[in-house]
Number of protein chains: 2
Amino acid sequence: MITQHHLAPSFPAAGLAACEDCALRTGTICARLDRSDRAALHRLGRRRTIAKGQTVVWQGEAPSQVVNVVGGLFKLTASTSDGREQILGTVGPGAFIGRIDGRANAFSAVALAPAEVCLFPRETFIAFAADHPEIGAEMLERALQDLDRARRWLLMLGRGSAIERVAALLLDFAEASPGQRHTFALSRGQMADLAGLTIETVSRRLGKLKRAGVIAVPERDLFEIRDADTLRAIAGEMPGNGPH
Amino acid sequence: MITQHHLAPSFPAAGLAACEDCALRTGTICARLDRSDRAALHRLGRRRTIAKGQTVVWQGEAPSQVVNVVGGLFKLTASTSDGREQILGTVGPGAFIGRIDGRANAFSAVALAPAEVCLFPRETFIAFAADHPEIGAEMLERALQDLDRARRWLLMLGRGSAIERVAALLLDFAEASPGQRHTFALSRGQMADLAGLTIETVSRRLGKLKRAGVIAVPERDLFEIRDADTLRAIAGEMPGNGPH
DNA sequence: CGAACGCTTGAGAAGTATCAATACAAGTGG
DNA sequence: CCACTTGTATTGATACTTCTCAAGCGTTCG
């Protein structure tokens, strides 16, 4: 789907031994490395905690470092020259941010929630990756997944109405948190930026879904899906939207 | 930009020795292989000519083969369940189409012009790529480029007005054919599918640009840029839109 | 010539953005 | 504790853009 979500709410404390805890996770760049290689990679980078709202990658700048997301949630945003912002997607644990060629970043990456990352100097990381083809394979897999998600969202933005987009977002949020009640991972404004709409339109469409009994919103940042079938029908069965 | 274009109008005749001519090109998957490896890869696939309008990859199907585009132009399209079609982008020589994991394709690939491709059975290609890391590196580079283009277009579809999208397409076409006069690489309907608009809106916006003296359209599928600065201003300086 | 196709143009309908007012919760400082 | 500010969400009225439906035009091709 559009957003990748938290695998777990907590992460190991930052520290020298952090890699050994962290690498147990599936889906990280390091996952395919053996213990000694992982230790070598660990020495090249440093672990940092990113506060909510902080930017780790800037649009238009050639990155001097690459980012491996360990925990938390980032939005990838791009702006037009006249200041309109579009969220290109969100990424969570396991994501790799930063170009490996020397070109400027096409987007900025901003933490939506407190996050944990590993930073590597770009050149150093490239040199390491050259010696470890497993990393390249992992990165290729991730890139192809990201490409798929981007193209699915492209279809949504190109051909979907406002209510289709909002419904798709809700299903996306719901997928991330099992159970009956779900939280809005994004504010209304962020949902609008992601869906290519305005805050008002998002709010109105949510209201419409609420009045139609498809969802319920007991609190401002909580919702419940009352009629999942209708919601899915509204979102439209986009190709690949089913269970992966 | 959004579309990748012809590197040259002609390609070597299909034949057993074709690889040796073709591989001289830059930007193909094979480019990084040495002569003997290329010959080995050549034995695994087969070369085919694709007629205009023919589909090589189907949305929703798990691909049994992967496609390496040698020449021509393809559109990548996806459809919603109710039949609305969105072009996700176009790809030209050097492009690689087809998932390497077993999942279903997220889009169809249709030839917009007579094309030349190399087809490889998926499993066979994967096995070969596993033995030749250069291929993985090349594919990663391509995937990241494609991702960038997809995200740029995402910004356009999410935040751009109809006239911005049309102007961006024109600049894209112009970039592909040097000189004063440029041809529309796509029909009005295809431009509409790509820009997420209707045929009528595309036609109307073109008329508006024509009346404003920004472009001239001496023939139906030819245009001239009269006021490049204004056209660029209308398209909006999207990040990375400048000369690569 | 007539049919088919792609493109253009028009009028009205639908959807979304914009501008503006209001509500509500969480701080902040007196 | 209260008044005040700030940020976020909702709601309303209106304007604007784009879509939809429909007709007309030019070219190509049988």
# chains A, B, ... in the order shown; residues from 1 in each chain; ligands from 1
>>> interface_residues(of="chain A", to="chain C", cutoff="12 Å", atoms="only C-alpha atoms (C1' of nucleotides)", output="PyMOL selection string")
chain A and resi 160-163+196-202+204-205+219-220
>>> write_last_selection(atoms="C-alpha atoms", output="short mmCIF file (atom, residue, chain, number, x, y, z; two decimals), in the first residue's frame")
data_model
loop_
_atom_site.label_atom_id
_atom_site.label_comp_id
_atom_site.auth_asym_id
_atom_site.auth_seq_id
_atom_site.Cartn_x
_atom_site.Cartn_y
_atom_site.Cartn_z
CA GLY A 160 -9.39 8.64 -8.41
CA SER A 161 -11.99 11.04 -7.02
CA ALA A 162 -11.58 12.66 -3.63
CA ILE A 163 -13.69 10.09 -1.82
CA GLY A 196 -3.48 15.72 -3.48
CA LEU A 197 -6.52 17.40 -1.92
CA THR A 198 -7.23 20.26 0.47
CA ILE A 199 -7.86 19.93 4.17
CA GLU A 200 -11.45 20.97 3.72
CA THR A 201 -12.16 18.34 1.09
CA VAL A 202 -10.65 15.61 3.25
CA ARG A 204 -15.91 16.87 4.11
CA ARG A 205 -15.40 13.42 2.60
CA GLU A 219 -12.52 10.95 18.67
CA ARG A 220 -10.70 13.29 16.42
#
>>> interface_residues(of="chain D", to="chain A", cutoff="12 Å", atoms="only C-alpha atoms (C1' of nucleotides)", output="PyMOL selection string")
chain D and resi 7-12+19
>>> write_last_selection(atoms="N, CA and C atoms (P, O5', C5', C4', C3', O3' and C1' of nucleotides)", output="tab-separated table (two decimals), in the first residue's frame")
chain	number	residue	atom	x	y	z
D	7	DG	P	0.55	28.38	15.76
D	7	DG	O5'	-0.15	26.96	15.67
D	7	DG	C5'	0.16	25.96	16.64
D	7	DG	C4'	-0.83	24.82	16.53
D	7	DG	C3'	-1.09	24.36	15.09
D	7	DG	O3'	-1.09	22.94	15.07
D	7	DG	C1'	-3.13	24.96	16.11
D	8	DT	P	-1.07	22.18	13.65
D	8	DT	O5'	-2.52	21.56	13.56
D	8	DT	C5'	-3.00	20.77	14.63
D	8	DT	C4'	-4.49	20.62	14.52
D	8	DT	C3'	-4.97	20.22	13.12
D	8	DT	O3'	-5.51	18.91	13.19
D	8	DT	C1'	-6.33	21.89	14.12
D	9	DA	P	-6.12	18.17	11.93
D	9	DA	O5'	-7.67	18.46	12.07
D	9	DA	C5'	-8.33	18.07	13.26
D	9	DA	C4'	-9.78	18.54	13.23
D	9	DA	C3'	-10.55	18.16	11.96
D	9	DA	O3'	-11.71	17.43	12.34
D	9	DA	C1'	-10.82	20.47	12.46
D	10	DT	P	-12.64	16.78	11.22
D	10	DT	O5'	-13.81	17.83	11.08
D	10	DT	C5'	-14.62	18.11	12.20
D	10	DT	C4'	-15.48	19.34	11.94
D	10	DT	C3'	-16.47	19.22	10.78
D	10	DT	O3'	-17.77	19.25	11.32
D	10	DT	C1'	-15.38	21.34	10.83
D	11	DT	P	-19.03	18.81	10.42
D	11	DT	O5'	-19.49	20.18	9.76
D	11	DT	C5'	-19.83	21.27	10.59
D	11	DT	C4'	-20.01	22.53	9.76
D	11	DT	C3'	-20.79	22.36	8.46
D	11	DT	O3'	-22.00	23.10	8.57
D	11	DT	C1'	-18.89	23.74	8.16
D	12	DG	P	-23.09	23.03	7.41
D	12	DG	O5'	-22.85	24.41	6.64
D	12	DG	C5'	-22.85	25.63	7.37
D	12	DG	C4'	-22.53	26.78	6.45
D	12	DG	C3'	-23.20	26.72	5.07
D	12	DG	O3'	-23.86	27.95	4.83
D	12	DG	C1'	-20.86	27.09	4.84
D	19	DC	P	-10.66	16.43	-16.38
D	19	DC	O5'	-12.21	16.06	-16.35
D	19	DC	C5'	-12.77	15.63	-15.11
D	19	DC	C4'	-14.24	15.30	-15.29
D	19	DC	C3'	-14.55	14.31	-16.40
D	19	DC	O3'	-15.48	13.35	-15.90
D	19	DC	C1'	-15.78	16.31	-16.75
>>> select_by_dssp(residues="region 11-143 of chain B", states="strand (DSSP E or B)", output="VMD selection string")
chain B and resid 46 to 50 55 to 57 65 to 71 74 to 79 85 to 91 96 to 97 108 to 111 115 to 121
>>> write_last_selection(atoms="C-alpha atoms", output="compact mmCIF listing (two decimals), in the first residue's frame")
# COMPACT_ATOMS: atom_id res chain seq x y z
CA ARG B 46 15.22 -14.52 -27.86
CA ARG B 47 14.80 -11.37 -29.84
CA ARG B 48 11.41 -10.28 -31.08
CA THR B 49 9.85 -7.47 -33.01
CA ILE B 50 6.73 -6.04 -31.45
CA THR B 55 1.03 -5.94 -25.36
CA VAL B 56 4.11 -7.60 -23.90
CA VAL B 57 3.19 -7.54 -20.20
CA GLN B 65 9.23 -13.82 -18.82
CA VAL B 66 11.04 -10.55 -18.47
CA VAL B 67 11.54 -8.01 -21.21
CA ASN B 68 14.57 -5.95 -22.14
CA VAL B 69 13.63 -3.13 -24.47
CA VAL B 70 16.09 -2.63 -27.30
CA GLY B 71 14.25 -0.09 -29.39
CA PHE B 74 6.20 1.37 -24.69
CA LYS B 75 3.52 2.76 -22.42
CA LEU B 76 2.97 1.33 -18.97
CA THR B 77 -0.72 1.46 -18.11
CA ALA B 78 -2.91 0.48 -15.23
CA SER B 79 -6.68 0.39 -15.07
CA GLU B 85 -7.06 3.88 -17.64
CA GLN B 86 -4.00 5.71 -16.39
CA ILE B 87 -0.66 5.67 -18.16
CA LEU B 88 1.99 5.29 -15.47
CA GLY B 89 4.79 6.31 -17.77
CA THR B 90 6.53 5.39 -20.97
CA VAL B 91 9.79 3.54 -21.42
CA PHE B 96 13.76 -3.50 -18.27
CA ILE B 97 10.16 -4.62 -17.80
CA SER B 108 0.49 -3.62 -18.67
CA ALA B 109 3.12 -2.67 -21.22
CA VAL B 110 1.91 -1.81 -24.71
CA ALA B 111 4.05 -0.81 -27.68
CA ALA B 115 9.58 -2.05 -31.04
CA GLU B 116 12.42 -4.47 -30.66
CA VAL B 117 12.83 -6.46 -27.45
CA CYS B 118 14.77 -9.32 -25.91
CA LEU B 119 12.67 -11.81 -23.98
CA PHE B 120 14.04 -14.02 -21.24
CA PRO B 121 12.27 -16.70 -19.21
>>> interface_residues(of="chain B", to="chain A", cutoff="9 Å", atoms="only C-alpha atoms", output="PDB file with C-alpha atoms, in the first residue's frame")
ATOM      1  CA  GLN B  59      -1.591  -6.203 -15.611  1.00  0.00           C
ATOM      2  CA  GLY B  60      -2.560  -8.765 -12.997  1.00  0.00           C
ATOM      3  CA  THR B  77      -0.716   1.457 -18.108  1.00  0.00           C
ATOM      4  CA  ALA B  78      -2.914   0.477 -15.227  1.00  0.00           C
ATOM      5  CA  SER B  79      -6.684   0.394 -15.071  1.00  0.00           C
ATOM      6  CA  THR B  80      -9.112   0.791 -12.238  1.00  0.00           C
ATOM      7  CA  SER B  81     -11.778  -1.827 -11.747  1.00  0.00           C
ATOM      8  CA  ASP B  82     -14.317   0.321 -13.566  1.00  0.00           C
ATOM      9  CA  ARG B  84     -10.573   4.096 -16.264  1.00  0.00           C
ATOM     10  CA  GLU B  85      -7.058   3.884 -17.642  1.00  0.00           C
ATOM     11  CA  GLN B  86      -4.004   5.711 -16.394  1.00  0.00           C
ATOM     12  CA  ILE B  87      -0.655   5.670 -18.155  1.00  0.00           C
ATOM     13  CA  LEU B  88       1.995   5.288 -15.475  1.00  0.00           C
ATOM     14  CA  ARG B  99       9.065  -8.310 -11.902  1.00  0.00           C
ATOM     15  CA  ILE B 100      11.830 -10.449 -10.600  1.00  0.00           C
ATOM     16  CA  ASP B 101       9.833 -11.553  -7.595  1.00  0.00           C
ATOM     17  CA  ARG B 103       4.169 -11.192  -7.823  1.00  0.00           C
ATOM     18  CA  ALA B 104       1.666 -10.097 -10.417  1.00  0.00           C
ATOM     19  CA  ASN B 105       2.478  -7.161 -12.635  1.00  0.00           C
ATOM     20  CA  ALA B 106       1.022  -3.891 -11.486  1.00  0.00           C
ATOM     21  CA  PHE B 107       0.656  -2.649 -15.043  1.00  0.00           C
ATOM     22  CA  PRO B 133      26.176  -8.952  -9.930  1.00  0.00           C
ATOM     23  CA  GLY B 136      21.850  -6.345 -10.374  1.00  0.00           C
ATOM     24  CA  ALA B 137      23.734  -3.075 -10.089  1.00  0.00           C
ATOM     25  CA  MET B 139      18.910  -2.899 -12.557  1.00  0.00           C
ATOM     26  CA  LEU B 140      19.136  -1.041  -9.264  1.00  0.00           C
ATOM     27  CA  GLU B 141      20.258   2.105 -11.023  1.00  0.00           C
ATOM     28  CA  ALA B 143      14.864   1.141 -10.707  1.00  0.00           C
ATOM     29  CA  LEU B 144      15.975   4.233  -8.795  1.00  0.00           C
ATOM     30  CA  ASP B 146      12.249   5.007 -12.626  1.00  0.00           C
ATOM     31  CA  LEU B 147      11.287   5.717  -9.035  1.00  0.00           C
ATOM     32  CA  ASP B 148      12.416   9.294  -9.406  1.00  0.00           C
ATOM     33  CA  ALA B 150       7.381   8.216 -11.020  1.00  0.00           C
ATOM     34  CA  ARG B 151       7.632  10.508  -7.993  1.00  0.00           C
ATOM     35  CA  ARG B 152       8.063  13.583 -10.141  1.00  0.00           C
ATOM     36  CA  TRP B 153       4.956  12.654 -12.033  1.00  0.00           C
ATOM     37  CA  LEU B 154       3.220  11.988  -8.730  1.00  0.00           C
ATOM     38  CA  LEU B 155       3.854  15.586  -7.777  1.00  0.00           C
ATOM     39  CA  MET B 156       2.446  16.709 -11.095  1.00  0.00           C
ATOM     40  CA  LEU B 157      -0.724  14.622 -10.825  1.00  0.00           C
ATOM     41  CA  GLY B 158      -1.274  15.562  -7.212  1.00  0.00           C
ATOM     42  CA  ARG B 159      -0.696  19.260  -7.366  1.00  0.00           C
ATOM     43  CA  GLY B 160      -0.611  20.335 -11.005  1.00  0.00           C
ATOM     44  CA  ASP B 193      -4.302   9.108 -20.074  1.00  0.00           C
ATOM     45  CA  LEU B 194      -0.791  10.068 -19.079  1.00  0.00           C
ATOM     46  CA  ALA B 195      -1.758  13.408 -17.579  1.00  0.00           C
ATOM     47  CA  GLY B 196      -4.842  12.079 -15.825  1.00  0.00           C
ATOM     48  CA  LEU B 197      -7.155  14.289 -17.886  1.00  0.00           C
ATOM     49  CA  GLY B 236       6.468  25.010 -13.052  1.00  0.00           C
ATOM     50  CA  GLU B 237      10.062  24.303 -12.278  1.00  0.00           C
ATOM     51  CA  MET B 238       9.556  20.924 -10.740  1.00  0.00           C
ATOM     52  CA  PRO B 239      12.551  19.713  -8.784  1.00  0.00           C
ATOM     53  CA  GLY B 240      15.006  18.068 -11.070  1.00  0.00           C
ATOM     54  CA  HIS B 244      20.104  16.249 -15.987  1.00  0.00           C
TER      55      HIS B 244
END
>>> residues_around(residues="Ala168 (chain A)", least_positions_apart="2", cutoff="9 Å", atoms="only C-alpha atoms (C1' of nucleotides)", output="PyMOL selection string")
chain A and resi 2+156+163-166+170-173+231-232+234-236
>>> write_last_selection(atoms="N, CA and C atoms", output="PDB file, in the first residue's frame")
ATOM      1  N   ILE A   2       0.259   2.330   0.323  1.00  0.00           N
ATOM      2  CA  ILE A   2       0.968   3.588   0.188  1.00  0.00           C
ATOM      3  C   ILE A   2       1.977   3.797   1.299  1.00  0.00           C
ATOM      4  N   MET A 156      -4.080   6.280  -8.464  1.00  0.00           N
ATOM      5  CA  MET A 156      -5.063   6.894  -7.584  1.00  0.00           C
ATOM      6  C   MET A 156      -5.151   8.402  -7.825  1.00  0.00           C
ATOM      7  N   ILE A 163     -13.223  11.074  -2.797  1.00  0.00           N
ATOM      8  CA  ILE A 163     -13.694  10.095  -1.823  1.00  0.00           C
ATOM      9  C   ILE A 163     -12.985   8.761  -1.990  1.00  0.00           C
ATOM     10  N   GLU A 164     -12.619   8.423  -3.208  1.00  0.00           N
ATOM     11  CA  GLU A 164     -11.838   7.204  -3.432  1.00  0.00           C
ATOM     12  C   GLU A 164     -10.495   7.304  -2.726  1.00  0.00           C
ATOM     13  N   ARG A 165      -9.875   8.465  -2.825  1.00  0.00           N
ATOM     14  CA  ARG A 165      -8.556   8.636  -2.224  1.00  0.00           C
ATOM     15  C   ARG A 165      -8.642   8.564  -0.703  1.00  0.00           C
ATOM     16  N   VAL A 166      -9.648   9.213  -0.145  1.00  0.00           N
ATOM     17  CA  VAL A 166      -9.797   9.197   1.306  1.00  0.00           C
ATOM     18  C   VAL A 166     -10.079   7.778   1.797  1.00  0.00           C
ATOM     19  N   LEU A 170      -7.936   5.444   4.463  1.00  0.00           N
ATOM     20  CA  LEU A 170      -8.498   4.812   5.651  1.00  0.00           C
ATOM     21  C   LEU A 170      -8.175   3.322   5.675  1.00  0.00           C
ATOM     22  N   LEU A 171      -8.327   2.673   4.537  1.00  0.00           N
ATOM     23  CA  LEU A 171      -8.001   1.248   4.473  1.00  0.00           C
ATOM     24  C   LEU A 171      -6.527   1.036   4.776  1.00  0.00           C
ATOM     25  N   ASP A 172      -5.724   1.969   4.314  1.00  0.00           N
ATOM     26  CA  ASP A 172      -4.291   1.886   4.547  1.00  0.00           C
ATOM     27  C   ASP A 172      -3.978   2.003   6.040  1.00  0.00           C
ATOM     28  N   PHE A 173      -4.616   2.958   6.688  1.00  0.00           N
ATOM     29  CA  PHE A 173      -4.416   3.131   8.137  1.00  0.00           C
ATOM     30  C   PHE A 173      -4.885   1.887   8.876  1.00  0.00           C
ATOM     31  N   LEU A 231     -16.625   0.406   2.105  1.00  0.00           N
ATOM     32  CA  LEU A 231     -15.409   1.214   2.074  1.00  0.00           C
ATOM     33  C   LEU A 231     -14.461   0.716   0.993  1.00  0.00           C
ATOM     34  N   ARG A 232     -14.321  -0.589   0.918  1.00  0.00           N
ATOM     35  CA  ARG A 232     -13.439  -1.148  -0.111  1.00  0.00           C
ATOM     36  C   ARG A 232     -13.984  -0.870  -1.500  1.00  0.00           C
ATOM     37  N   ILE A 234     -15.761   1.654  -2.359  1.00  0.00           N
ATOM     38  CA  ILE A 234     -15.529   3.069  -2.674  1.00  0.00           C
ATOM     39  C   ILE A 234     -14.087   3.304  -3.085  1.00  0.00           C
ATOM     40  N   ALA A 235     -13.170   2.689  -2.333  1.00  0.00           N
ATOM     41  CA  ALA A 235     -11.749   2.863  -2.644  1.00  0.00           C
ATOM     42  C   ALA A 235     -11.437   2.300  -4.022  1.00  0.00           C
ATOM     43  N   GLY A 236     -12.252   1.353  -4.450  1.00  0.00           N
ATOM     44  CA  GLY A 236     -12.027   0.756  -5.755  1.00  0.00           C
ATOM     45  C   GLY A 236     -10.954  -0.291  -5.658  1.00  0.00           C
TER      46      GLY A 236
END
>>> select_by_dssp(residues="region 73-155 of chain A", states="helix (DSSP H, G or I)", output="number ranges by chain")
A: 122-131, 133-155
>>> write_last_selection(atoms="C-alpha atoms", output="mmCIF file, in the first residue's frame")
data_model
loop_
_atom_site.group_PDB
_atom_site.id
_atom_site.type_symbol
_atom_site.label_atom_id
_atom_site.label_comp_id
_atom_site.auth_asym_id
_atom_site.auth_seq_id
_atom_site.Cartn_x
_atom_site.Cartn_y
_atom_site.Cartn_z
ATOM 1 C CA ARG A 122 27.405 8.201 1.239
ATOM 2 C CA GLU A 123 30.822 7.359 -0.199
ATOM 3 C CA THR A 124 31.620 4.988 2.603
ATOM 4 C CA PHE A 125 28.349 3.168 2.231
ATOM 5 C CA ILE A 126 28.790 2.808 -1.526
ATOM 6 C CA ALA A 127 32.236 1.349 -1.048
ATOM 7 C CA PHE A 128 30.889 -1.120 1.487
ATOM 8 C CA ALA A 129 27.970 -2.078 -0.751
ATOM 9 C CA ALA A 130 30.367 -2.707 -3.625
ATOM 10 C CA ASP A 131 32.037 -5.391 -1.529
ATOM 11 C CA PRO A 133 26.402 -7.718 -3.237
ATOM 12 C CA GLU A 134 23.716 -8.834 -0.777
ATOM 13 C CA ILE A 135 23.117 -5.198 0.028
ATOM 14 C CA GLY A 136 22.612 -4.387 -3.615
ATOM 15 C CA ALA A 137 20.097 -7.204 -3.957
ATOM 16 C CA GLU A 138 18.194 -6.025 -0.912
ATOM 17 C CA MET A 139 18.175 -2.471 -2.184
ATOM 18 C CA LEU A 140 16.933 -3.580 -5.577
ATOM 19 C CA GLU A 141 14.059 -5.427 -3.993
ATOM 20 C CA ARG A 142 13.149 -2.383 -1.934
ATOM 21 C CA ALA A 143 13.405 -0.075 -4.920
ATOM 22 C CA LEU A 144 11.061 -2.264 -6.944
ATOM 23 C CA GLN A 145 8.575 -2.366 -4.083
ATOM 24 C CA ASP A 146 8.713 1.397 -3.723
ATOM 25 C CA LEU A 147 8.238 1.748 -7.453
ATOM 26 C CA ASP A 148 5.140 -0.397 -7.275
ATOM 27 C CA ARG A 149 3.668 1.618 -4.452
ATOM 28 C CA ALA A 150 4.449 4.857 -6.253
ATOM 29 C CA ARG A 151 2.759 3.616 -9.399
ATOM 30 C CA ARG A 152 -0.308 2.457 -7.516
ATOM 31 C CA TRP A 153 -0.623 5.881 -5.976
ATOM 32 C CA LEU A 154 -0.071 7.402 -9.407
ATOM 33 C CA LEU A 155 -3.161 5.592 -10.590
#
>>> atom_distance(atom1="CA of His182 (chain A)", atom2="CA of Asp221 (chain A)")
8.4 Å
>>> atom_distance(atom1="CA of Asp229 (chain A)", atom2="CA of Glu61 (chain B)")
24.7 Å
>>> atom_distance(atom1="CA of Ala113 (chain B)", atom2="CA of Gly94 (chain B)")
15.3 Å
